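To start, the structure under review is shown below, and the notes come after it.
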Amino acid sequence: MRTFSIEIKIILGVIFFTLMITGFERYQLSKNIITQFENSKKSKNKLLLDTMLPILSLNILLGLDDANREYLNLIVKQNKDIQWMQITNKKNQVLFLYPDDFKVKEVLPDGIKICCSEIIDNITNESIGNIKVKFSDDEYEQVRLKNKETTIRVFAVTLILLGVFLYFLRREFKHFRKLIQAVLVYDPKLNNFDLEKSERTDEVGVIHNAIVGMVARIGTYTKLLDEMNSSLEEKIEERTKLLQKANEKLEQMTMTDPLTKIANRRHFEEYVENIWELALRTNTKISLVMCDIDFFKNVNDTYGHITGDEVLKNVAHTIVNSLKRSSDLAARYGGEEFVIILYDTDLQGAWELCREIAEQLKNPKNFKVNGIEIAPFTMSFGVSSVVPTKDHTYKDLLEFADEALYRAKESGRNRVITLEFDTNKLSIH
Amino acid sequence: MLVKFVKVLLLFAFLFNTTMVSATDYDEDVLEIFSKLLPRFVIMSDQKLKVKDQINICVVHEDIEKGTASSLIEKTIHNYPQGIKNYNIKLIQTDFTNLSMCKNSELFFLFNSSEKNIIETLLFAKKQKILTVSYDASLLENGIEVSLFLGRKILPYINVNALKRNGIIVDPILLRISKIYMQTDK
């Protein structure tokens with residue numbers, strides 16, 4: 001809901017009440033003036049008639065017609081507002097008429113314009129005639145017109161004074177507007193409050209100076225807060241970095257085989273699941289290699305676990321270094337067992353990789369561990385390949401590769417066995 | 001010869017006296033106005049305080065004006081058959097020698113007479129505090145209090161000084177419609 005500013009409310013209120021009061025006052029005054037005028041006119045007319053009647057009565061009774069006529073003419077002359085006058089006797093015969101040719105209509109007396117009265121014999125109290133007088137309402141109209149003019153003048157003056165008052169009011173509110181503007185645009189960070197202390201001691205000055213003081217305090221506290229924030233941010237950044245490192249380390253620990261530093265089983269399974277989904281969507285062939293160091297127990301037994309660990313590390317690095325693509329992942333699956341997932345690689349490609357790894361393993365460096373020369377060792381490889389479908393999961397592929405490895409072990413080790421997923425076709429290399 | 005002379009003398013005297021007395025022609029219209037005025041003069045003055053149940057108006061005249069006086073009385077009775085303001089109106093005719101029969105009147109109406117008669121009547125009226133009205137306006141000069149002004153218009157003619165002297169007060173309305181006769185004191 002829209003709310004109007006206090007300034008508007010005050011201005012509208014002042015205008016409304018001023019005009020209301022002025023209007024009401026003028027209305028009352030006009031009413032009183034008109035009423036007083038009417039009463040005054042009525043009194044005057046009544047007085048005139050009251051003055052005339054005894055004389056008229058006597059003149060009529062005494063038959064002093066000429067004197068009567070002269071008297072009435074004098075009355076008419078002295079009272080310019082008499083428009084017509086008629087005097088009749090009790091037989092309704094016209095004794096006097098002004099103007100001579102005027103035709104008097106039947107009218108209702110109202111005391112102001114039309115006055116009627118019986119002419120009474122003061123001695124016998126009998127009615128001897130009737131007088132009707134019409135007075136002009138020129139005076140009345142003049143009074144009304146003058147009243148109207150005065151009203152217009154009063155309203156004009158009121159509006160002018162109101163205008164002056166509103167001008168000064170607006171000036172006072174200008175200060176408020178300036179203050180509001182300064183408060184609205186104020187940003188503690190930018191410290192952009194540009195008003196100085198006011199010398200005014202009125203309410204406006206008090207509010208102004210209170211705001212200025214408040215802003216100064218805000219500025220101080222903001223600065224303090226900024227400093228605190230800054231130091232806090234540094235601390236947080238530091239802590240975050242430490243946390244990140246710790247998280248990375250943790251992640252590494254959860255995803256990495258601590259010995260060989262390559263992906264661990266957990267990581268591999270997560271990864272292969274994603275690769276399977278990707279290949280399913282893209283209808284791409286993937287290959288899985290399971291390999292295993294032949295007779296590794298003998299290495300441990302012969303050279304010790306420390307040497308055995310080094311062998312495992314070397315084998316792991318050899319496998320990882322053989323991978324060509326970033327989408328390929330090698331992981332330590334078990335003690336001496338490793339697994340490789342190859343995206344967009346068929347059996348042939350996987351087989352070739354296995355051969356390469358096998359060749360790399362023949363490198364004499366692999367057989368000198370911690371200054372000890374160890375007997376050469378080999379690996380067996382089981383490979384399977386598939387274009388994933390919804391009917392299978394990666395575990396099925398894993399099983400096939402595992403089966404292929406088993407076959408490789410059974411058939412004499414140091415070889416690569418591929419097992420077609422779809423056809424279950426076995427081939428030995 | 002002497003007899004002849006005496007007859008001529010008597011004739012002359014009669015004529016002279018008659019001429020003195022009958023200098024005025026009495027207008028019926030004027031009498032009509034007086035007939036309306038006379039009872040009102042009593043009511044519109046402090047003479048009304050003397051009135052108990054009837055207004056007494058005394059019409060004083062010479063013998064020769066008896067008829068005129070009667071005419072005036074008839075007119076008055078005609079205009080006020082029921083009296084005025086619950087008062088009966090009694091009109092008494094008399095000559096200038098029998099004023100005592102009018103001592104309880106409120107108003108004397110005088111037709112023309114000799115100056116001596118007029119003055120004596122006025123003295124009597126003053127003593128009895130009776131309002132005096134005359135047909136002839138010239139008698140205002142003698143001290144009559146009210147008459148009629150017969151000019152361009154007809155108005156009651158009031159001798160304010162005479163009223164003041166005799167201690168009689170009239171209604172201001174009457175004064176308002178009347179012409180005022182200002183007598184210089186003799």
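Labels for the structure tokens follow display order: chains A, B, ..., residues from 1 in each chain, ligands from 1.
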Quiz prompt | Exercise answer, chain B residues close to chain A, 9 Å and only C-alpha atoms, as a list in words | solution = Ile33, Phe34, Lys36, Leu37, Arg40, Ile43, Met44, Ile84, Lys85, Asn86, Arg152, Lys153, Ile154, Leu155, Ile173, Leu174, Arg176 and Ile177 of chain B
Quiz item: Counting only C-alpha atoms, what is within 12 Å of A:Tyr406, bar same-chain residues fewer than 3 positions away, as a PyMOL selection string?
Solution: chain A and resi 290-292+294+337+380-383+399-403+409-419+426+428
Quiz item: Hey, can you check how far atom CA of A:Lys197 sits from atom CA of A:Met228?
Solution: 29.2 Å
Looking only at the backbone, which of the residues in stretch 6-176 of chain B does DSSP tag as strand (DSSP E or B), as a short mmCIF file (atom, residue, chain, number, x, y, z; two decimals) with all heavy atoms, in the first residue's frame?
```cif
data_model
loop_
_atom_site.label_atom_id
_atom_site.label_comp_id
_atom_site.auth_asym_id
_atom_site.auth_seq_id
_atom_site.Cartn_x
_atom_site.Cartn_y
_atom_site.Cartn_z
N SER B 45 -56.59 64.16 23.10
CA SER B 45 -55.99 65.14 24.01
C SER B 45 -56.21 64.67 25.43
O SER B 45 -56.89 63.66 25.65
CB SER B 45 -56.62 66.51 23.80
OG SER B 45 -57.97 66.48 24.24
N GLN B 54 -69.53 59.74 28.70
CA GLN B 54 -69.90 60.41 27.47
C GLN B 54 -69.03 61.64 27.27
O GLN B 54 -68.53 62.25 28.22
CB GLN B 54 -71.38 60.80 27.43
CG GLN B 54 -71.78 61.97 28.26
CD GLN B 54 -73.24 62.28 28.10
OE1 GLN B 54 -74.04 61.51 27.56
NE2 GLN B 54 -73.64 63.44 28.57
N ILE B 55 -68.89 61.93 25.96
CA ILE B 55 -68.12 63.11 25.58
C ILE B 55 -69.11 64.26 25.40
O ILE B 55 -70.11 64.11 24.69
CB ILE B 55 -67.35 62.85 24.27
CG1 ILE B 55 -66.30 61.76 24.49
CG2 ILE B 55 -66.71 64.11 23.75
CD1 ILE B 55 -65.63 61.24 23.22
N ASN B 56 -68.79 65.35 26.06
CA ASN B 56 -69.69 66.51 25.96
C ASN B 56 -69.04 67.58 25.12
O ASN B 56 -67.96 68.06 25.42
CB ASN B 56 -69.95 67.09 27.36
CG ASN B 56 -70.60 66.03 28.25
OD1 ASN B 56 -71.69 65.54 27.94
ND2 ASN B 56 -69.93 65.66 29.32
N ILE B 57 -69.70 67.90 24.03
CA ILE B 57 -69.19 68.94 23.11
C ILE B 57 -70.23 70.06 23.09
O ILE B 57 -71.42 69.81 22.83
CB ILE B 57 -68.97 68.39 21.70
CG1 ILE B 57 -67.87 67.31 21.74
CG2 ILE B 57 -68.63 69.51 20.74
CD1 ILE B 57 -67.67 66.56 20.46
N CYS B 58 -69.73 71.24 23.34
CA CYS B 58 -70.63 72.39 23.37
C CYS B 58 -70.45 73.22 22.11
O CYS B 58 -69.36 73.70 21.85
CB CYS B 58 -70.32 73.23 24.62
SG CYS B 58 -71.56 74.45 24.98
N VAL B 59 -71.51 73.39 21.34
CA VAL B 59 -71.44 74.19 20.10
C VAL B 59 -71.97 75.58 20.41
O VAL B 59 -73.16 75.75 20.74
CB VAL B 59 -72.26 73.54 18.97
CG1 VAL B 59 -72.16 74.36 17.70
CG2 VAL B 59 -71.78 72.11 18.73
N VAL B 60 -71.09 76.54 20.39
CA VAL B 60 -71.47 77.91 20.80
C VAL B 60 -71.62 78.78 19.55
O VAL B 60 -70.72 78.84 18.72
CB VAL B 60 -70.38 78.49 21.74
CG1 VAL B 60 -70.84 79.82 22.30
CG2 VAL B 60 -70.06 77.51 22.87
N ILE B 84 -68.08 57.14 20.19
CA ILE B 84 -66.70 56.83 19.81
C ILE B 84 -66.00 56.17 20.98
O ILE B 84 -66.13 56.62 22.12
CB ILE B 84 -65.96 58.11 19.35
CG1 ILE B 84 -64.55 57.74 18.83
CG2 ILE B 84 -65.88 59.12 20.44
CD1 ILE B 84 -63.86 58.89 18.15
N TYR B 87 -67.80 55.60 24.10
CA TYR B 87 -68.31 56.80 24.76
C TYR B 87 -69.47 57.36 23.91
O TYR B 87 -69.36 57.44 22.68
CB TYR B 87 -67.24 57.90 24.89
CG TYR B 87 -66.04 57.51 25.73
CD1 TYR B 87 -64.76 57.59 25.21
CD2 TYR B 87 -66.21 57.08 27.04
CE1 TYR B 87 -63.66 57.24 25.98
CE2 TYR B 87 -65.11 56.72 27.81
CZ TYR B 87 -63.83 56.81 27.27
OH TYR B 87 -62.76 56.46 28.04
N ASN B 88 -70.48 57.72 24.56
CA ASN B 88 -71.55 58.47 23.85
C ASN B 88 -71.06 59.88 23.60
O ASN B 88 -70.18 60.37 24.30
CB ASN B 88 -72.82 58.53 24.69
CG ASN B 88 -73.44 57.15 24.83
OD1 ASN B 88 -73.33 56.32 23.93
ND2 ASN B 88 -74.07 56.89 25.96
N ILE B 89 -71.66 60.48 22.61
CA ILE B 89 -71.30 61.88 22.31
C ILE B 89 -72.55 62.73 22.53
O ILE B 89 -73.61 62.50 21.92
CB ILE B 89 -70.79 62.04 20.87
CG1 ILE B 89 -69.54 61.14 20.66
CG2 ILE B 89 -70.47 63.50 20.57
CD1 ILE B 89 -69.06 61.06 19.22
N LYS B 90 -72.37 63.69 23.43
CA LYS B 90 -73.50 64.61 23.69
C LYS B 90 -73.12 65.98 23.15
O LYS B 90 -72.07 66.53 23.49
CB LYS B 90 -73.77 64.71 25.19
CG LYS B 90 -75.04 65.50 25.53
CD LYS B 90 -75.30 65.52 27.01
CE LYS B 90 -76.48 66.42 27.29
NZ LYS B 90 -76.71 66.62 28.73
N LEU B 91 -73.96 66.49 22.28
CA LEU B 91 -73.69 67.82 21.69
C LEU B 91 -74.71 68.81 22.22
O LEU B 91 -75.93 68.60 22.14
CB LEU B 91 -73.78 67.74 20.15
CG LEU B 91 -72.63 66.89 19.57
CD1 LEU B 91 -73.14 65.80 18.67
CD2 LEU B 91 -71.65 67.79 18.84
N ILE B 92 -74.20 69.90 22.76
CA ILE B 92 -75.07 70.92 23.35
C ILE B 92 -74.96 72.19 22.51
O ILE B 92 -73.86 72.64 22.22
CB ILE B 92 -74.65 71.23 24.80
CG1 ILE B 92 -74.54 69.92 25.62
CG2 ILE B 92 -75.63 72.22 25.45
CD1 ILE B 92 -73.70 70.04 26.86
N GLN B 93 -76.08 72.67 22.16
CA GLN B 93 -76.07 73.94 21.42
C GLN B 93 -76.34 75.06 22.41
O GLN B 93 -77.25 74.98 23.24
CB GLN B 93 -77.23 73.94 20.41
CG GLN B 93 -76.79 73.85 18.98
CD GLN B 93 -77.93 73.86 18.02
OE1 GLN B 93 -78.75 72.94 18.02
NE2 GLN B 93 -78.03 74.89 17.24
N THR B 94 -75.58 76.13 22.34
CA THR B 94 -75.85 77.28 23.20
C THR B 94 -75.33 78.56 22.54
O THR B 94 -74.50 78.50 21.63
CB THR B 94 -75.20 77.10 24.59
OG1 THR B 94 -75.56 78.21 25.42
CG2 THR B 94 -73.70 77.04 24.50
N LEU B 107 -65.14 70.05 25.23
CA LEU B 107 -64.73 70.82 24.06
C LEU B 107 -65.80 71.87 23.74
O LEU B 107 -66.99 71.59 23.80
CB LEU B 107 -64.57 69.86 22.86
CG LEU B 107 -63.98 70.46 21.57
CD1 LEU B 107 -63.06 69.45 20.88
CD2 LEU B 107 -65.08 70.89 20.61
N PHE B 108 -65.33 73.07 23.43
CA PHE B 108 -66.18 74.14 22.92
C PHE B 108 -65.92 74.27 21.44
O PHE B 108 -64.77 74.39 21.02
CB PHE B 108 -65.83 75.48 23.57
CG PHE B 108 -66.50 75.73 24.88
CD1 PHE B 108 -66.23 76.91 25.58
CD2 PHE B 108 -67.40 74.85 25.45
CE1 PHE B 108 -66.85 77.18 26.79
CE2 PHE B 108 -68.01 75.10 26.65
CZ PHE B 108 -67.75 76.28 27.35
N PHE B 109 -66.98 74.27 20.64
CA PHE B 109 -66.81 74.61 19.23
C PHE B 109 -67.48 75.97 19.03
O PHE B 109 -68.66 76.13 19.27
CB PHE B 109 -67.44 73.57 18.30
CG PHE B 109 -67.22 73.89 16.85
CD1 PHE B 109 -66.01 73.58 16.25
CD2 PHE B 109 -68.19 74.55 16.11
CE1 PHE B 109 -65.79 73.89 14.90
CE2 PHE B 109 -67.97 74.87 14.78
CZ PHE B 109 -66.78 74.54 14.16
N LEU B 110 -66.69 76.93 18.55
CA LEU B 110 -67.19 78.31 18.45
C LEU B 110 -67.39 78.70 17.00
O LEU B 110 -66.47 78.57 16.18
CB LEU B 110 -66.18 79.28 19.08
CG LEU B 110 -65.72 78.98 20.51
CD1 LEU B 110 -64.72 80.03 20.98
CD2 LEU B 110 -66.89 78.94 21.45
N LEU B 131 -61.17 72.48 25.98
CA LEU B 131 -60.48 72.65 24.69
C LEU B 131 -61.36 73.47 23.79
O LEU B 131 -62.56 73.19 23.66
CB LEU B 131 -60.21 71.28 24.07
CG LEU B 131 -59.48 71.24 22.73
CD1 LEU B 131 -58.05 71.76 22.87
CD2 LEU B 131 -59.44 69.81 22.20
N THR B 132 -60.80 74.46 23.16
CA THR B 132 -61.59 75.34 22.28
C THR B 132 -61.22 75.12 20.83
O THR B 132 -60.06 75.08 20.46
CB THR B 132 -61.37 76.82 22.66
OG1 THR B 132 -59.96 77.09 22.63
CG2 THR B 132 -61.90 77.13 24.04
N VAL B 133 -62.26 74.99 20.01
CA VAL B 133 -62.09 74.82 18.56
C VAL B 133 -62.96 75.84 17.88
O VAL B 133 -64.10 76.06 18.30
CB VAL B 133 -62.52 73.40 18.14
CG1 VAL B 133 -62.30 73.22 16.63
CG2 VAL B 133 -61.75 72.34 18.92
N SER B 134 -62.45 76.46 16.85
CA SER B 134 -63.29 77.44 16.15
C SER B 134 -63.38 77.08 14.68
O SER B 134 -62.47 76.49 14.12
CB SER B 134 -62.72 78.86 16.32
OG SER B 134 -61.51 78.97 15.59
N VAL B 146 -57.67 75.25 18.54
CA VAL B 146 -57.67 74.41 17.33
C VAL B 146 -58.64 74.96 16.32
O VAL B 146 -59.73 75.42 16.68
CB VAL B 146 -58.05 72.95 17.67
CG1 VAL B 146 -57.99 72.08 16.43
CG2 VAL B 146 -57.17 72.38 18.76
N SER B 147 -58.24 74.91 15.07
CA SER B 147 -59.16 75.22 13.99
C SER B 147 -58.80 74.34 12.80
O SER B 147 -58.17 73.30 12.97
CB SER B 147 -59.08 76.71 13.66
OG SER B 147 -60.04 77.04 12.70
N LEU B 148 -59.18 74.77 11.60
CA LEU B 148 -58.80 74.04 10.40
C LEU B 148 -58.05 74.96 9.48
O LEU B 148 -58.44 76.12 9.30
CB LEU B 148 -60.04 73.51 9.67
CG LEU B 148 -60.54 72.10 9.96
CD1 LEU B 148 -61.65 71.73 9.00
CD2 LEU B 148 -59.44 71.07 9.89
N PHE B 149 -56.99 74.50 8.92
CA PHE B 149 -56.28 75.29 7.92
C PHE B 149 -56.87 74.94 6.58
O PHE B 149 -56.85 73.77 6.15
CB PHE B 149 -54.78 74.96 7.97
CG PHE B 149 -54.00 75.67 6.90
CD1 PHE B 149 -53.59 76.98 7.09
CD2 PHE B 149 -53.68 75.04 5.69
CE1 PHE B 149 -52.85 77.64 6.11
CE2 PHE B 149 -52.94 75.69 4.72
CZ PHE B 149 -52.53 76.99 4.93
N LEU B 150 -57.39 75.94 5.92
CA LEU B 150 -58.04 75.71 4.62
C LEU B 150 -57.15 76.31 3.55
O LEU B 150 -57.25 77.48 3.24
CB LEU B 150 -59.44 76.33 4.62
CG LEU B 150 -60.36 75.91 5.76
CD1 LEU B 150 -61.64 76.71 5.76
CD2 LEU B 150 -60.67 74.42 5.67
N ILE B 154 -56.37 70.61 3.34
CA ILE B 154 -57.04 70.91 4.62
C ILE B 154 -56.32 70.16 5.72
O ILE B 154 -56.08 68.95 5.60
CB ILE B 154 -58.51 70.47 4.57
CG1 ILE B 154 -59.23 71.23 3.46
CG2 ILE B 154 -59.20 70.68 5.91
CD1 ILE B 154 -60.63 70.73 3.17
N LEU B 155 -55.98 70.91 6.76
CA LEU B 155 -55.27 70.30 7.87
C LEU B 155 -55.83 70.86 9.17
O LEU B 155 -56.27 72.01 9.20
CB LEU B 155 -53.78 70.65 7.84
CG LEU B 155 -52.95 70.17 6.64
CD1 LEU B 155 -51.60 70.85 6.66
CD2 LEU B 155 -52.80 68.66 6.68
N PRO B 156 -55.78 70.09 10.23
CA PRO B 156 -56.07 70.70 11.53
C PRO B 156 -55.04 71.80 11.78
O PRO B 156 -53.87 71.65 11.41
CB PRO B 156 -55.89 69.54 12.51
CG PRO B 156 -56.04 68.30 11.71
CD PRO B 156 -55.53 68.64 10.37
N TYR B 157 -55.50 72.89 12.39
CA TYR B 157 -54.63 74.05 12.63
C TYR B 157 -54.55 74.21 14.14
O TYR B 157 -55.55 74.48 14.80
CB TYR B 157 -55.27 75.28 11.98
CG TYR B 157 -54.33 76.37 11.54
CD1 TYR B 157 -54.80 77.46 10.82
CD2 TYR B 157 -52.97 76.33 11.82
CE1 TYR B 157 -53.97 78.48 10.38
CE2 TYR B 157 -52.11 77.33 11.39
CZ TYR B 157 -52.61 78.41 10.66
OH TYR B 157 -51.78 79.40 10.23
N ILE B 158 -53.37 74.03 14.67
CA ILE B 158 -53.26 73.96 16.15
C ILE B 158 -52.44 75.12 16.68
O ILE B 158 -51.32 75.39 16.19
CB ILE B 158 -52.66 72.62 16.57
CG1 ILE B 158 -53.60 71.48 16.18
CG2 ILE B 158 -52.38 72.59 18.06
CD1 ILE B 158 -53.22 70.11 16.59
N ASN B 159 -53.03 75.81 17.66
CA ASN B 159 -52.35 76.93 18.32
C ASN B 159 -51.61 76.35 19.52
O ASN B 159 -52.15 76.16 20.61
CB ASN B 159 -53.38 77.96 18.77
CG ASN B 159 -52.74 79.20 19.31
OD1 ASN B 159 -51.54 79.23 19.65
ND2 ASN B 159 -53.51 80.27 19.40
N VAL B 170 -52.10 67.57 23.61
CA VAL B 170 -52.73 66.80 22.53
C VAL B 170 -51.77 65.68 22.07
O VAL B 170 -50.57 65.74 22.30
CB VAL B 170 -53.12 67.67 21.33
CG1 VAL B 170 -54.16 68.67 21.70
CG2 VAL B 170 -51.92 68.32 20.70
#
```
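By only C-alpha atoms, and with residues fewer than 6 positions from B:Ser35 along its chain excluded, the set lying at most 8 Å from it is Leu72, Ile73, Lys75, Thr76 and Asn79 of chain B.
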Which residues are close to A:Leu97, i.e. within 6 Å by only C-alpha atoms, leaving aside same-chain residues fewer than 3 positions away? Reply as a PDB file with C-alpha atoms, in the first residue's frame.
```
ATOM      1  CA  MET A  85     -47.381  51.359  -2.753  1.00  0.00           C
ATOM      2  CA  GLN A  86     -51.103  50.873  -2.615  1.00  0.00           C
ATOM      3  CA  ASP A 100     -50.112  55.845 -10.693  1.00  0.00           C
TER       4      ASP A 100
END
```
Self-check item: Who sits within 8 Å of B:Asn166, only C-alpha atoms, same chain under 2 positions skipped, as a ChimeraX atom specification
Solution: /B:126,129,162-164,168
